[in-house]
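These notes are about the structure you will find just below.
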Amino acid sequence: MKLRTLFSITLPVFLGYIPLGMTFGFLMVSQGIAWYVPVIFSVFVFAGAAQFLAVGLVVNHAPLLDTAIATFLMNMRHVFYGLSLFHLLPHERLKKIYFIFGITDETYSLLTTAPQVTRENAVWISAMNHSYWIIGTIIGALLATSLPPIKGIEFSLTALFVILLIQQIKANPDLKIIGMAILACLLTALILPQYFLVMASALALLFLWLDFKVTTKEAV
């Protein structure tokens with residue numbers, strides 16, 4: 001697949017990752033951290049929201065164990081939805097390792113909605129998305145010493161998720177699934193809002209499991 005085609009597939013992520021990467025790089029350097037540290041984070045961690053969490057943890061000298069636990073809980077959802085991409089897993093060992101490392105929410109959304117995705121180009125889509133984040137981080141880190149704080153740029157993450165959600169709904173217009181997701185979010189907001197992501201993901205998984213059990217029983 002041509003680079004131009006791959007770029008057109010990853011364009012929504014490009015438009016989100018460049019400003020988000022800039023925000024991360026800008027935020028970290030503005031806390032007194034050397035400009036190359038956020039770049040290293042983006043190259044070897046590449047965890048999106050967890051990287052923003054890491055800013056506060058690094059600045060406050062949080063224990064390594066606390067950092068590891070917080071990162072694990074925030075990214076635990078990858079274990080579940082990553083299994084649905086098994087058919088796209090490359091055969092080559094290095095590509096396989098990188099593909100597993102490079103999966104993010106946004107990349108997952110693209111890989112499950114874009115019709116042009118194959119086992120051969122899936123790793124390149126992931127790599128292009130990763131490169132957008134790195135480029136944004138470098139730009140933000142270098143600008144941090146000469147620009148004042150920019151208000152509102154963090155909203156680009158919310159905007160990106162809205163776009164990807166719309167794509168998911170168009171590709172999989174299942175009202176039952178949408179209803180379960182909304183219910184999981186509402187219950188979490190009422191019961192345990194301080195652990196929203198983990199709780200909502202767990203409830204959504206529970207609802208899907210119950211639906212699977214009921215559907216299987218009815219089929220028998």
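By convention in this document, the chains of the structure tokens carry letters A, B, ... by their order, each chain's residues are numbered from 1, and ligands are numbered from 1 in the order they are shown.
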
Fill in: Residue neighbourhood region 193-198 of chain A, 9 Å, only C-alpha atoms, exclusion window fewer than 4 positions, as a ChimeraX atom specification
/A:73-77,185,187-189,202-203

Per residue of region 35-68 of chain A within 12 Å of region 140-150 of chain A, note the shortest atom pair and the distance in Å to one decimal, counting only C-alpha atoms, and order the rows by chain and increasing residue number, as a tab-separated table.
```
residue	atom	partner	partner_atom	distance
A:Trp35	CA	A:Ala141	CA	5.2
A:Tyr36	CA	A:Ala141	CA	7.6
A:Val37	CA	A:Ala141	CA	9.0
A:Pro38	CA	A:Ala141	CA	7.3
A:Val39	CA	A:Ala141	CA	7.8
A:Ile40	CA	A:Ala141	CA	11.3
A:Phe41	CA	A:Ala141	CA	11.8
A:Ser42	CA	A:Ala141	CA	11.4
```

Would you write out those residues with C-alpha atoms, as a CSV table (one decimal), in the first residue's frame?
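Listed below is the output, selection_18.csv:
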```csv
chain,number,residue,atom,x,y,z
A,35,TRP,CA,13.6,18.6,26.6
A,36,TYR,CA,14.9,15.2,25.5
A,37,VAL,CA,13.1,13.3,28.4
A,38,PRO,CA,9.6,13.6,27.0
A,39,VAL,CA,11.0,12.5,23.6
A,40,ILE,CA,12.4,9.4,25.2
A,41,PHE,CA,9.1,8.8,26.8
A,42,SER,CA,7.3,9.0,23.5
```

Item to complete: Any chance you could list, as an MDAnalysis selection string, the residues in chain A that come up alpha helix (DSSP H) when DSSP is run on the backbone?
Response: chainID A and resid 3:30 36:44 49:59 64:75 77:82 93:102 105:113 119:143 155:171 175:191 196:219

Discussion item. Neighbouring residues of Met22 (chain A) were defined as those with any atom within 6 Å, considering only C-alpha atoms; residues of the same chain fewer than 2 positions away were excluded. Please report them as a count of residues only.
Written reply: 9

Practice prompt. For region 7-18 of chain A, please output as a PyMOL selection string all residues within 9 Å (counting only C-alpha atoms; exclusion window: fewer than 2 positions along the same chain).
Written response: chain A and resi 2-5+20-23+106-107+110+114+116-117+125-126+128-130+132-137+139+156-157+159-161+163-164

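Counting only C-alpha atoms, the residue from A:Ile103, A:Val43, A:Ala171, A:Met180 that sits nearest to Leu210 (chain A) is A:Met180.
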
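Minimum atom-to-atom distances from A:Ile100, A:Ile69, A:Ile178, A:Val55 to Gly32 (chain A) were compared using only C-alpha atoms, and the lowest value belongs to A:Val55.
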